[in-house]
>>> print(open('model_22.cif').read())   # mmCIF, C-alpha atoms and all ligand atoms
data_upload
loop_
_atom_site.label_atom_id
_atom_site.label_comp_id
_atom_site.auth_asym_id
_atom_site.auth_seq_id
_atom_site.Cartn_x
_atom_site.Cartn_y
_atom_site.Cartn_z
CA MET A 26 -11.10 -17.18 -15.28
CA ALA A 27 -9.06 -14.07 -14.44
CA HIS A 28 -8.38 -13.16 -18.08
CA LEU A 29 -12.11 -12.87 -18.79
CA LEU A 30 -12.58 -10.24 -16.14
CA PRO A 31 -12.93 -6.63 -17.31
CA PRO A 32 -10.07 -4.19 -16.78
CA VAL A 33 -9.85 -2.65 -13.33
CA ILE A 34 -10.65 1.03 -13.70
CA ILE A 35 -8.04 3.31 -12.18
CA ASN A 36 -9.21 6.48 -10.46
CA ASP A 37 -6.23 8.64 -9.60
CA SER A 38 -6.52 11.13 -6.75
CA THR A 39 -3.00 12.60 -6.80
CA LEU A 40 -4.45 16.04 -7.53
CA ARG A 41 -6.95 15.76 -4.65
CA ASP A 42 -5.90 13.40 -1.83
CA GLY A 43 -2.27 13.50 -3.03
CA GLU A 44 -2.19 17.27 -2.67
CA GLN A 45 -3.68 16.91 0.83
CA ALA A 46 -0.30 15.48 1.94
CA PRO A 47 1.09 17.85 4.58
CA GLY A 48 2.98 20.75 2.98
CA VAL A 49 2.25 19.73 -0.61
CA ALA A 50 0.86 22.45 -2.88
CA PHE A 51 0.91 22.12 -6.65
CA THR A 52 0.84 25.16 -8.95
CA ASP A 53 -1.82 25.40 -11.65
CA GLN A 54 0.73 24.50 -14.29
CA GLU A 55 1.93 21.50 -12.30
CA LYS A 56 -1.63 20.29 -11.84
CA VAL A 57 -2.37 20.51 -15.56
CA ALA A 58 0.94 18.82 -16.41
CA ILE A 59 0.25 16.00 -13.93
CA ALA A 60 -3.29 15.56 -15.27
CA LEU A 61 -1.96 15.28 -18.83
CA ALA A 62 0.73 12.83 -17.72
CA LEU A 63 -1.88 10.73 -15.90
CA GLU A 64 -4.00 10.67 -19.02
CA ASP A 65 -0.98 9.82 -21.16
CA ALA A 66 -0.17 6.93 -18.81
CA GLY A 67 -3.66 5.51 -19.39
CA VAL A 68 -5.34 6.46 -16.12
CA ASP A 69 -9.11 6.29 -16.66
CA GLU A 70 -10.34 8.83 -14.13
CA ILE A 71 -8.69 11.88 -12.60
CA GLU A 72 -10.03 13.22 -9.32
CA ALA A 73 -8.70 16.68 -9.93
CA GLY A 74 -9.59 18.86 -6.97
CA ILE A 75 -12.13 20.30 -4.54
CA PRO A 76 -14.23 23.15 -5.99
CA ALA A 77 -15.46 24.15 -2.51
CA MET A 78 -11.93 25.43 -1.82
CA GLY A 79 -12.76 28.53 -3.84
CA ALA A 80 -12.10 30.52 -6.99
CA GLN A 81 -8.48 29.46 -7.48
CA GLU A 82 -9.28 25.74 -7.29
CA ILE A 83 -12.31 26.22 -9.55
CA ALA A 84 -10.09 27.94 -12.13
CA THR A 85 -7.52 25.12 -11.95
CA LEU A 86 -10.18 22.44 -12.30
CA THR A 87 -11.55 24.30 -15.31
CA GLN A 88 -8.10 24.32 -16.91
CA ILE A 89 -7.65 20.61 -16.25
CA ARG A 90 -11.09 19.84 -17.65
CA GLU A 91 -10.23 21.81 -20.81
CA ALA A 92 -6.78 20.20 -21.21
CA VAL A 93 -7.71 16.55 -20.66
CA THR A 94 -9.35 14.89 -23.65
CA ARG A 95 -9.80 11.21 -22.87
CA ALA A 96 -9.80 10.60 -19.11
CA ASP A 97 -12.83 11.53 -17.01
CA VAL A 98 -12.17 14.56 -14.81
CA ILE A 99 -14.00 14.41 -11.49
CA ALA A 100 -14.58 17.09 -8.87
CA TRP A 101 -14.53 15.99 -5.22
CA CYS A 102 -17.36 17.45 -3.13
CA ARG A 103 -18.78 17.19 0.33
CA MET A 104 -22.35 15.97 0.56
CA ARG A 105 -23.92 19.41 0.27
CA ARG A 106 -25.61 21.41 -2.48
CA SER A 107 -23.21 24.38 -2.24
CA ASP A 108 -20.29 22.06 -3.14
CA VAL A 109 -22.22 20.82 -6.17
CA ASP A 110 -22.84 24.44 -7.19
CA ALA A 111 -19.10 25.12 -6.94
CA ALA A 112 -18.39 22.02 -9.06
CA LEU A 113 -20.79 23.25 -11.74
CA LEU A 114 -18.63 26.36 -12.17
CA THR A 115 -15.75 24.16 -13.38
CA GLY A 116 -17.71 22.64 -16.25
CA VAL A 117 -16.93 19.06 -15.17
CA ARG A 118 -19.59 16.50 -15.90
CA ARG A 119 -18.76 14.18 -13.00
CA VAL A 120 -18.80 14.76 -9.27
CA HIS A 121 -17.86 12.54 -6.37
CA LEU A 122 -19.96 13.35 -3.29
CA SER A 123 -18.49 12.24 0.01
CA MET A 124 -20.14 11.80 3.40
CA PRO A 125 -19.10 10.25 6.70
CA VAL A 126 -20.64 6.84 7.40
CA SER A 127 -19.14 5.78 10.74
CA ASP A 128 -21.17 6.78 13.80
CA ARG A 129 -18.12 8.48 15.23
CA GLN A 130 -17.60 10.76 12.24
CA ILE A 131 -21.31 11.39 11.72
CA ARG A 132 -21.67 12.50 15.32
CA ALA A 133 -18.53 14.64 15.40
CA LYS A 134 -18.92 16.29 12.01
CA PHE A 135 -22.70 16.65 11.67
CA GLY A 136 -23.78 16.36 15.30
CA THR A 137 -26.53 14.03 14.05
CA GLY A 138 -27.04 10.35 13.22
CA ARG A 139 -27.50 7.79 10.47
CA LEU A 140 -30.91 8.98 9.26
CA ASP A 141 -29.51 12.44 8.66
CA VAL A 142 -26.76 10.97 6.46
CA LEU A 143 -29.34 9.08 4.40
CA ALA A 144 -31.41 12.25 4.03
CA ARG A 145 -28.39 14.31 2.92
CA LEU A 146 -27.48 11.59 0.45
CA ALA A 147 -30.91 11.55 -1.17
CA ASP A 148 -31.10 15.34 -1.30
CA THR A 149 -27.60 16.12 -2.63
CA VAL A 150 -27.37 13.25 -5.11
CA GLY A 151 -30.82 14.15 -6.45
CA TYR A 152 -29.74 17.78 -6.76
CA ALA A 153 -26.54 16.89 -8.66
CA LEU A 154 -28.37 14.49 -10.97
CA ASP A 155 -30.97 17.17 -11.73
CA LYS A 156 -28.10 19.41 -12.83
CA GLY A 157 -27.09 16.76 -15.35
CA LEU A 158 -24.03 15.50 -13.48
CA LYS A 159 -22.87 11.90 -13.23
CA VAL A 160 -22.54 11.13 -9.54
CA SER A 161 -20.50 8.74 -7.45
CA VAL A 162 -20.72 8.61 -3.66
CA GLY A 163 -17.93 8.17 -1.12
CA GLY A 164 -18.31 6.74 2.34
CA GLU A 165 -15.72 8.39 4.50
CA ASP A 166 -14.51 6.11 7.33
CA SER A 167 -16.40 3.18 5.82
CA SER A 168 -14.12 0.71 7.57
CA ARG A 169 -15.30 1.82 11.02
CA ALA A 170 -18.97 2.05 9.98
CA ASP A 171 -21.50 -0.42 11.27
CA ARG A 172 -21.59 -3.09 8.53
CA ASP A 173 -25.39 -3.34 8.38
CA PHE A 174 -25.66 0.43 8.10
CA LEU A 175 -23.02 0.42 5.36
CA CYS A 176 -25.11 -2.05 3.37
CA ARG A 177 -28.11 0.20 3.89
CA VAL A 178 -26.07 3.14 2.58
CA VAL A 179 -25.07 1.20 -0.52
CA VAL A 180 -28.67 0.29 -1.25
CA ALA A 181 -29.66 3.95 -0.72
CA ILE A 182 -26.92 5.03 -3.15
CA GLU A 183 -28.24 2.63 -5.77
CA GLU A 184 -31.79 3.92 -5.24
CA SER A 185 -30.59 7.55 -5.44
CA GLY A 186 -29.40 7.08 -9.03
CA ALA A 187 -25.67 7.43 -8.30
CA HIS A 188 -23.57 4.96 -10.24
CA ARG A 189 -20.85 4.05 -7.75
CA PHE A 190 -19.95 3.65 -4.11
CA ARG A 191 -16.40 4.37 -2.99
CA PHE A 192 -15.48 2.62 0.23
CA ALA A 193 -12.84 4.70 2.01
CA ASP A 194 -10.52 3.11 4.54
CA THR A 195 -9.93 6.66 5.72
CA LEU A 196 -7.67 5.80 8.64
CA GLY A 197 -5.99 2.80 7.03
CA VAL A 198 -7.19 0.33 9.65
CA LEU A 199 -8.14 -2.65 7.50
CA ASP A 200 -6.11 -5.68 6.52
CA PRO A 201 -6.49 -7.56 3.23
CA PHE A 202 -8.59 -10.37 4.71
CA MET A 203 -11.12 -7.97 6.21
CA THR A 204 -11.16 -5.91 3.03
CA ARG A 205 -11.92 -8.86 0.82
CA ASP A 206 -14.73 -10.05 3.10
CA ILE A 207 -16.32 -6.61 3.20
CA PHE A 208 -16.31 -6.29 -0.57
CA ALA A 209 -17.75 -9.77 -1.01
CA ARG A 210 -20.62 -8.66 1.25
CA LEU A 211 -21.12 -5.33 -0.55
CA CYS A 212 -21.18 -7.12 -3.90
CA ALA A 213 -24.01 -9.28 -2.61
CA GLU A 214 -26.00 -6.15 -1.71
CA THR A 215 -25.68 -4.11 -4.88
CA ASP A 216 -25.08 -4.02 -8.61
CA ILE A 217 -23.52 -0.55 -8.68
CA GLU A 218 -19.80 -0.07 -9.24
CA LEU A 219 -17.65 -0.47 -6.16
CA GLU A 220 -14.40 1.40 -5.61
CA PHE A 221 -11.79 1.10 -2.87
CA HIS A 222 -9.82 4.04 -1.48
CA GLY A 223 -7.11 2.88 0.91
CA HIS A 224 -4.76 4.71 3.25
CA ASP A 225 -1.33 3.45 4.18
CA ASP A 226 -1.15 4.04 7.93
CA LEU A 227 -0.23 0.37 8.45
CA GLY A 228 1.59 -0.03 5.15
CA LEU A 229 -1.33 -2.07 3.77
CA ALA A 230 -2.95 0.30 1.28
CA THR A 231 -1.79 -1.51 -1.84
CA ALA A 232 -2.48 -4.95 -0.36
CA ASN A 233 -5.94 -3.83 0.72
CA THR A 234 -6.67 -2.42 -2.74
CA LEU A 235 -5.76 -5.74 -4.36
CA ALA A 236 -7.89 -7.55 -1.77
CA ALA A 237 -10.85 -5.28 -2.49
CA ILE A 238 -10.56 -6.15 -6.16
CA ARG A 239 -10.42 -9.86 -5.33
CA GLY A 240 -13.57 -9.27 -3.30
CA GLY A 241 -15.34 -7.72 -6.29
CA ALA A 242 -14.36 -4.03 -6.41
CA THR A 243 -14.37 -2.75 -9.98
CA HIS A 244 -12.46 0.48 -9.38
CA ALA A 245 -9.27 1.38 -7.50
CA SER A 246 -8.60 4.84 -6.07
CA VAL A 247 -4.87 5.50 -6.01
CA CYS A 248 -2.25 8.27 -5.97
CA VAL A 249 1.10 8.48 -7.71
CA LEU A 250 3.81 7.42 -5.24
CA GLY A 251 1.04 6.85 -2.71
CA LEU A 252 1.08 10.58 -1.98
CA GLY A 253 -1.73 11.64 0.36
CA GLU A 254 -2.94 12.39 3.87
CA ARG A 255 -0.57 11.22 6.67
CA ALA A 256 1.11 7.97 5.47
CA GLY A 257 -0.54 8.40 2.09
CA ASN A 258 -2.70 6.25 -0.15
CA ALA A 259 -2.31 3.15 -2.29
CA ALA A 260 0.35 3.88 -4.90
CA LEU A 261 -0.80 3.94 -8.52
CA GLU A 262 2.41 2.31 -9.71
CA GLU A 263 2.16 -0.54 -7.20
CA VAL A 264 -1.50 -1.26 -7.79
CA ALA A 265 -1.33 -1.09 -11.59
CA THR A 266 1.82 -3.21 -11.77
CA ALA A 267 0.66 -5.82 -9.25
CA LEU A 268 -2.70 -6.15 -10.98
CA SER A 269 -1.31 -6.79 -14.41
CA GLU A 270 1.96 -8.54 -13.58
CA MET A 271 0.94 -10.64 -10.56
CA GLN A 272 -2.84 -10.87 -10.38
CA GLY A 273 -3.69 -11.69 -13.97
CA ARG A 274 -5.89 -8.61 -14.26
CA THR A 275 -5.69 -5.83 -16.80
CA THR A 276 -5.81 -2.05 -16.49
CA HIS A 277 -5.44 0.65 -19.13
CA VAL A 278 -2.23 1.91 -17.51
CA ALA A 279 0.99 1.87 -19.56
CA LEU A 280 3.47 0.54 -17.02
CA ALA A 281 6.48 1.94 -18.88
CA LYS A 282 5.19 5.48 -18.25
CA LEU A 283 4.94 5.17 -14.47
CA THR A 284 8.51 6.14 -13.59
CA GLY A 285 8.38 9.40 -15.57
CA LEU A 286 5.00 10.17 -14.03
CA ALA A 287 6.37 9.52 -10.54
CA GLU A 288 9.33 11.81 -11.19
CA LEU A 289 6.99 14.57 -12.35
CA VAL A 290 4.83 14.27 -9.22
CA ALA A 291 7.83 13.95 -6.88
CA GLY A 292 9.30 17.16 -8.31
CA ALA A 293 6.04 19.09 -7.97
CA ALA A 294 5.49 17.73 -4.45
CA MET A 295 9.09 18.51 -3.49
CA ARG A 296 9.37 14.98 -2.12
CA PRO A 297 12.29 13.07 -3.67
CA ILE A 298 11.59 9.44 -4.56
CA PRO A 299 13.34 7.08 -2.09
CA GLU A 300 15.90 4.86 -3.85
CA ASP A 301 14.07 1.73 -2.78
CA LYS A 302 10.53 2.91 -3.58
CA SER A 303 8.71 0.00 -5.22
CA ILE A 304 8.51 0.05 -9.03
CA VAL A 305 9.85 3.60 -9.54
CA GLY A 306 12.80 3.92 -7.11
CA GLY A 307 16.30 4.45 -8.54
CA SER A 308 17.67 1.20 -7.12
CA VAL A 309 14.84 -1.25 -7.62
CA PHE A 310 16.47 -2.83 -10.65
CA ALA A 311 20.03 -2.56 -9.30
CA HIS A 312 21.81 -5.66 -7.97
CA GLU A 313 24.95 -5.84 -5.86
CA SER A 314 24.98 -9.14 -3.96
CA GLY A 315 27.35 -11.68 -5.47
CA ILE A 316 24.95 -14.62 -5.28
CA HIS A 317 22.20 -12.60 -6.96
CA VAL A 318 24.42 -11.24 -9.73
CA SER A 319 25.89 -14.66 -10.43
CA GLY A 320 22.33 -16.04 -10.80
CA LEU A 321 21.06 -13.08 -12.81
CA LEU A 322 23.88 -13.33 -15.32
CA ARG A 323 22.68 -16.86 -16.13
CA ASP A 324 18.96 -16.17 -15.99
CA SER A 325 17.57 -12.76 -15.06
CA ALA A 326 14.40 -14.33 -13.66
CA THR A 327 16.41 -15.88 -10.81
CA TYR A 328 16.30 -12.57 -8.96
CA GLU A 329 13.85 -10.39 -10.89
CA ALA A 330 10.11 -10.97 -10.63
CA LEU A 331 9.45 -7.89 -12.76
CA ARG A 332 11.28 -7.35 -16.00
CA PRO A 333 12.83 -3.86 -15.96
CA GLU A 334 11.86 -3.35 -19.63
CA THR A 335 8.20 -3.76 -18.69
CA LEU A 336 8.56 -0.67 -16.52
CA GLY A 337 10.71 1.18 -19.07
CA ARG A 338 13.72 0.62 -16.82
CA GLU A 339 17.14 -1.02 -17.16
CA ARG A 340 18.91 -3.55 -15.02
CA LYS A 341 22.03 -2.25 -13.28
CA ILE A 342 24.83 -4.34 -11.80
CA VAL A 343 26.44 -2.43 -8.96
CA LEU A 344 29.84 -3.22 -7.46
CA GLY A 345 30.10 -3.01 -3.68
CA LYS A 346 30.83 -4.67 -0.37
CA HIS A 347 28.62 -7.66 -1.23
CA SER A 348 29.88 -8.29 -4.76
CA GLY A 349 31.24 -11.65 -5.91
CA SER A 350 33.69 -12.65 -8.60
CA ALA A 351 31.07 -13.16 -11.32
CA ALA A 352 30.11 -9.48 -11.16
CA VAL A 353 33.72 -8.35 -11.34
CA ARG A 354 34.45 -10.66 -14.27
CA SER A 355 31.33 -9.61 -16.12
CA MET A 356 31.96 -5.89 -15.69
CA LEU A 357 35.59 -6.20 -16.76
CA ARG A 358 34.49 -8.18 -19.82
CA SER A 359 31.96 -5.45 -20.68
CA VAL A 360 34.94 -3.14 -21.30
CA GLY A 361 37.18 -5.69 -22.99
CA PHE A 362 39.28 -7.08 -20.12
CA GLU A 363 39.88 -10.70 -19.18
CA ALA A 364 41.53 -11.81 -15.95
CA ASP A 365 42.24 -15.17 -14.35
CA HIS A 366 40.58 -16.41 -11.17
CA ALA A 367 43.31 -15.21 -8.80
CA ARG A 368 43.42 -11.76 -10.37
CA ILE A 369 39.61 -11.43 -10.21
CA ASN A 370 39.67 -12.30 -6.51
CA ALA A 371 42.38 -9.76 -5.84
CA ILE A 372 40.36 -7.08 -7.62
CA LEU A 373 37.24 -8.15 -5.72
CA ALA A 374 39.09 -7.58 -2.44
CA GLN A 375 39.91 -4.04 -3.61
CA VAL A 376 36.29 -3.45 -4.63
CA ARG A 377 35.06 -4.50 -1.20
CA ALA A 378 37.62 -2.40 0.62
CA ARG A 379 36.78 0.69 -1.44
CA ALA A 380 33.03 0.27 -0.92
CA SER A 381 33.51 -0.17 2.81
CA GLU A 382 35.76 2.88 3.10
CA THR A 383 33.59 5.15 0.99
CA LYS A 384 30.12 3.73 1.82
CA ARG A 385 29.08 3.84 -1.82
CA ALA A 386 29.11 1.75 -4.97
CA VAL A 387 32.41 1.32 -6.80
CA SER A 388 32.43 2.79 -10.30
CA LEU A 389 33.57 1.14 -13.50
CA ALA A 390 36.47 3.61 -13.69
CA GLU A 391 37.64 2.47 -10.25
CA LEU A 392 37.33 -1.16 -11.32
CA ILE A 393 39.49 -0.51 -14.37
CA ASP A 394 41.97 1.26 -12.16
CA PHE A 395 42.11 -1.80 -9.85
CA HIS A 396 42.71 -3.96 -12.91
CA GLY A 397 45.57 -1.70 -13.79
CA GLY A 398 44.79 -0.44 -17.24
CA SER A 399 42.46 1.73 -19.26
CA ALA A 400 40.26 -0.16 -21.67
CA PRO A 401 39.26 1.12 -25.10
CA LEU A 402 35.55 0.77 -24.30
CA ALA A 403 35.80 2.23 -20.81
CA ALA A 404 34.90 5.80 -21.68
CA ALA A 405 31.78 4.74 -23.56
CA ALA A 406 30.66 2.47 -20.76
CA GLU A 407 31.08 5.08 -18.02
C1 LIG B 501 -10.92 12.21 4.27
C2 LIG B 501 -10.74 13.30 3.30
O1 LIG B 501 -9.73 13.37 2.69
S1 LIG B 501 -11.99 14.38 3.10
C3 LIG B 501 -11.31 15.68 2.13
C4 LIG B 501 -10.52 16.58 3.01
N1 LIG B 501 -9.94 17.65 2.23
C5 LIG B 501 -9.90 18.88 2.65
O2 LIG B 501 -10.41 19.23 3.71
C6 LIG B 501 -9.16 19.86 1.81
C7 LIG B 501 -9.98 21.06 1.35
N2 LIG B 501 -10.75 21.64 2.40
C8 LIG B 501 -11.01 22.99 2.47
O3 LIG B 501 -10.49 23.78 1.70
C9 LIG B 501 -11.93 23.44 3.53
O4 LIG B 501 -11.97 22.52 4.60
C10 LIG B 501 -13.37 23.63 2.93
C11 LIG B 501 -13.35 24.75 1.90
C12 LIG B 501 -13.86 22.35 2.27
C13 LIG B 501 -14.34 23.99 4.05
O5 LIG B 501 -13.78 25.07 4.75
P1 LIG B 501 -14.56 25.74 5.99
O6 LIG B 501 -15.91 26.16 5.54
O7 LIG B 501 -13.67 26.80 6.51
O8 LIG B 501 -14.80 24.57 7.04
P2 LIG B 501 -13.77 23.74 7.89
O9 LIG B 501 -12.68 23.23 7.02
O10 LIG B 501 -13.31 24.47 9.11
O11 LIG B 501 -14.69 22.52 8.38
C14 LIG B 501 -15.22 21.58 7.50
C15 LIG B 501 -16.72 21.72 7.37
O12 LIG B 501 -17.19 20.75 6.42
C16 LIG B 501 -18.16 19.89 7.04
N3 LIG B 501 -18.04 18.59 6.45
C17 LIG B 501 -17.00 17.73 6.59
N4 LIG B 501 -17.19 16.65 5.84
C18 LIG B 501 -18.36 16.83 5.21
C19 LIG B 501 -19.09 16.07 4.29
N5 LIG B 501 -18.59 14.92 3.86
N6 LIG B 501 -20.27 16.54 3.82
C20 LIG B 501 -20.76 17.74 4.25
N7 LIG B 501 -20.09 18.51 5.12
C21 LIG B 501 -18.91 18.06 5.60
C22 LIG B 501 -17.78 19.95 8.52
O13 LIG B 501 -18.84 19.52 9.30
C23 LIG B 501 -17.45 21.42 8.67
O14 LIG B 501 -18.68 22.10 8.65
P3 LIG B 501 -18.95 23.39 9.62
O15 LIG B 501 -17.99 24.45 9.15
O16 LIG B 501 -20.37 23.72 9.34
O17 LIG B 501 -18.67 22.92 10.98
O1 LIG B 502 -14.01 10.19 -1.48
C1 LIG B 502 -14.16 9.78 -0.37
O2 LIG B 502 -15.24 9.65 0.13
C2 LIG B 502 -12.96 9.45 0.44
C3 LIG B 502 -12.37 10.64 1.06
C4 LIG B 502 -11.02 10.32 1.54
O3 LIG B 502 -10.04 10.75 0.98
C5 LIG B 502 -10.88 9.40 2.66
O4 LIG B 502 -11.87 9.10 3.33
O5 LIG B 502 -9.75 8.96 2.90
#
>>> encode(input="model_22.cif", output="structure tokens", more="lines below")
Ligand SMILES: CC(=O)SCCNC(=O)CCNC(=O)[C@H](O)C(C)(C)COP(=O)(O)OP(=O)(O)OC[C@H]1O[C@@H](n2cnc3c(N)ncnc32)[C@H](O)[C@@H]1OP(=O)(O)O
Ligand SMILES: O=C(O)CCC(=O)C(=O)O
Amino acid sequence: MAHLLPPVIINDSTLRDGEQAPGVAFTDQEKVAIALALEDAGVDEIEAGIPAMGAQEIATLTQIREAVTRADVIAWCRMRRSDVDAALLTGVRRVHLSMPVSDRQIRAKFGTGRLDVLARLADTVGYALDKGLKVSVGGEDSSRADRDFLCRVVVAIEESGAHRFRFADTLGVLDPFMTRDIFARLCAETDIELEFHGHDDLGLATANTLAAIRGGATHASVCVLGLGERAGNAALEEVATALSEMQGRTTHVALAKLTGLAELVAGAAMRPIPEDKSIVGGSVFAHESGIHVSGLLRDSATYEALRPETLGRERKIVLGKHSGSAAVRSMLRSVGFEADHARINAILAQVRARASETKRAVSLAELIDFHGGSAPLAAAAE
């Protein structure tokens, strides 16, 4: 039964893969503030940066490690001892060591083959464990890796003493059916924790993350707003909300904190949140269409699968080109006006004309003006 399953552990990579989004560069203060906001929102693990980048990144990671008290702070490293040495300078106790696993990437990046990858894995994981670190391993380009080799890699990771394998759909080429099948196979090969890291090149990162979890993944790698390389990653807010509201799973994430978190990250990334961005966009709980508003006014569940209060949001009724009479009547009533059917329809015609002329929503003040009077409650409602 779904409710007996353990919580899905959320690993957020906004400060690592998120910051790899083209042109995005967080300041130290922004990184610490985002890390604290992630922790406050209930994120379990924070992948906070790449120590191999140098002294500045090491200093920032150190600050994050000192500031965060509950969540695990993890340093992202390549599969090489020098990266582990750089991570040790930050004082973090956990490292994630990544290596290519597709033949294409192994050949291009290392100029070698599969056996070399297995040798690097054994050497670098052993080195990090000897230093007292807790180690997870990432398979870059796992989706294009030979499946039998991938299973061999997972077994080698288990034998190395690392505690987790992160499957990276680095180029975002999977679909949910493939993802679920792959995870079902990996689960049959190993008892270590399995994490999915999805990219959104085909718009499937969130769907693939949910599919990986259905297939047996225990951990989800996500970024706030899906920020990340190219088309980005699976969005924290989508994955956490879908898991708990639609999939019958739990996470430790407080859904009501996600919009504030997204605003913080959007500001630091200098990437405004699109109005229609799932979960956190400005308009995702706003309704204009007459048929929808008429239904919603009787029962909000007619046109809302998610309750705005769950996300710390409020429902908004917007007047515009697609409004119907129920919306006009309801908004007039909210400021103390009544009108008969004919009058409502006349006002509705004015609302539609104004919205069409101005290409925007019609305000309550304009509605009152169409009605022809100022209401006592109007100022408060505006
Ligand atoms: C899919 C991902 O998101 S992976 C993470 C990608 N993120 C980033 O690259 C952001 C941070 N990167 C950086 O600051 C720099 O690339 C650094 C500091 C890591 C390395 O810089 P440089 O030494 O100048 O190398 P450069 O970036 O040109 O090339 C990458 C090197 O890493 C090697 N490498 C790439 N992946 C791995 C890996 N998983 N394990 C070991 N080595 C790797 C490459 O083969 C190349 O080595 P080479 O210089 O001996 O040819
Ligand atoms: O941690 C890993 O191995 C994944 C790296 C990454 O960001 C990716 O492959 O997309």
>>> residues_near_ligand(input="model_22.cif", ligand="ligand LIG 501 (chain B)", cutoff="8 Å", atoms="all atoms listed in the file", output="MDAnalysis selection string")
chainID A and resid 41:42 45 75 77:79 102:105 122:125 133:135 165:166 195 254
>>> axis_aligned_box(input="model_22.cif", around="ligand LIG 502 (chain B)", padding_each_side="8 Å", output="JSON")
{"center_x": -12.5, "center_y": 9.9, "center_z": 0.9, "size_x": 21.5, "size_y": 17.8, "size_z": 20.8}
>>> closest_residue(input="model_22.cif", among="A:Ser167, A:Thr204, A:Ser314, A:Asn233", to="ligand LIG 502 (chain B)", atoms="only C-alpha atoms and all ligand atoms")
A:Ser167
>>> closest_atom_pairs(input="model_22.cif", of="stretch 290-384 of chain A", to="stretch 257-274 of chain A", cutoff="10 Å", atoms="all atoms listed in the file", output="Markdown table")
| residue | atom | partner | partner_atom | distance |
| --- | --- | --- | --- | --- |
| A:Lys302 | CA | A:Glu263 | CA | 9.8 |
| A:Ser303 | CA | A:Glu263 | CA | 6.9 |
| A:Ile304 | CA | A:Glu262 | CA | 6.5 |
| A:Val305 | CA | A:Glu262 | CA | 7.6 |
| A:Ala330 | CA | A:Glu270 | CA | 9.0 |
| A:Leu331 | CA | A:Glu270 | CA | 7.6 |
| A:Arg332 | CA | A:Glu270 | CA | 9.7 |
| A:Thr335 | CA | A:Glu270 | CA | 9.4 |
| A:Leu336 | CA | A:Thr266 | CA | 8.6 |
>>> residues_around(input="model_22.cif", residues="A:Leu392", least_positions_apart="2", cutoff="10 Å", atoms="all atoms listed in the file", output="list in words")
Leu344, Val353, Met356, Leu357, Ile372, Leu373, Gln375, Val376, Val387, Ser388, Leu389, Ala390, Asp394, Phe395, His396, Gly397, Gly398 and Ser399 of chain A
>>> closest_residue(input="model_22.cif", among="A:Ser107, A:Ser246, A:Thr94, A:Thr149", to="ligand LIG 502 (chain B)", atoms="all atoms listed in the file")
A:Ser246
>>> closest_residue(input="model_22.cif", among="A:His224, A:Arg90, A:Arg106, A:Arg368", to="ligand LIG 502 (chain B)", atoms="all atoms listed in the file")
A:His224
>>> closest_residue(input="model_22.cif", among="A:Val162, A:Val49, A:Val198, A:Val290", to="A:Gly186", atoms="all atoms listed in the file")
A:Val162
>>> decode(input="model_22.cif", residues="stretch 269-298 of chain A", atoms="C-alpha atoms", output="JSON list (two decimals), in the first residue's frame")
[["chain", "number", "residue", "atom", "x", "y", "z"],
["A", 269, "SER", "CA", 2.16, 14.00, -1.96],
["A", 270, "GLU", "CA", -1.00, 15.29, -3.62],
["A", 271, "MET", "CA", -1.36, 12.86, -6.53],
["A", 272, "GLN", "CA", 0.80, 9.81, -5.94],
["A", 273, "GLY", "CA", -0.05, 9.01, -2.34],
["A", 274, "ARG", "CA", 3.60, 9.33, -1.30],
["A", 275, "THR", "CA", 5.08, 11.52, 1.39],
["A", 276, "THR", "CA", 8.11, 13.80, 1.46],
["A", 277, "HIS", "CA", 9.41, 16.08, 4.20],
["A", 278, "VAL", "CA", 8.75, 19.16, 2.06],
["A", 279, "ALA", "CA", 6.33, 21.81, 3.36],
["A", 280, "LEU", "CA", 4.32, 22.59, 0.24],
["A", 281, "ALA", "CA", 3.18, 25.98, 1.55],
["A", 282, "LYS", "CA", 6.80, 27.18, 1.53],
["A", 283, "LEU", "CA", 7.49, 26.40, -2.12],
["A", 284, "THR", "CA", 6.24, 29.65, -3.64],
["A", 285, "GLY", "CA", 8.40, 31.83, -1.39],
["A", 286, "LEU", "CA", 11.37, 29.57, -2.09],
["A", 287, "ALA", "CA", 10.76, 29.84, -5.84],
["A", 288, "GLU", "CA", 10.57, 33.63, -5.62],
["A", 289, "LEU", "CA", 13.88, 33.72, -3.75],
["A", 290, "VAL", "CA", 15.61, 31.55, -6.36],
["A", 291, "ALA", "CA", 14.02, 33.39, -9.30],
["A", 292, "GLY", "CA", 15.28, 36.70, -7.92],
["A", 293, "ALA", "CA", 18.81, 35.41, -7.39],
["A", 294, "ALA", "CA", 18.84, 33.75, -10.82],
["A", 295, "MET", "CA", 17.43, 36.90, -12.44],
["A", 296, "ARG", "CA", 14.84, 34.71, -14.16],
["A", 297, "PRO", "CA", 11.29, 35.90, -13.45],
["A", 298, "ILE", "CA", 8.75, 33.15, -12.77]]
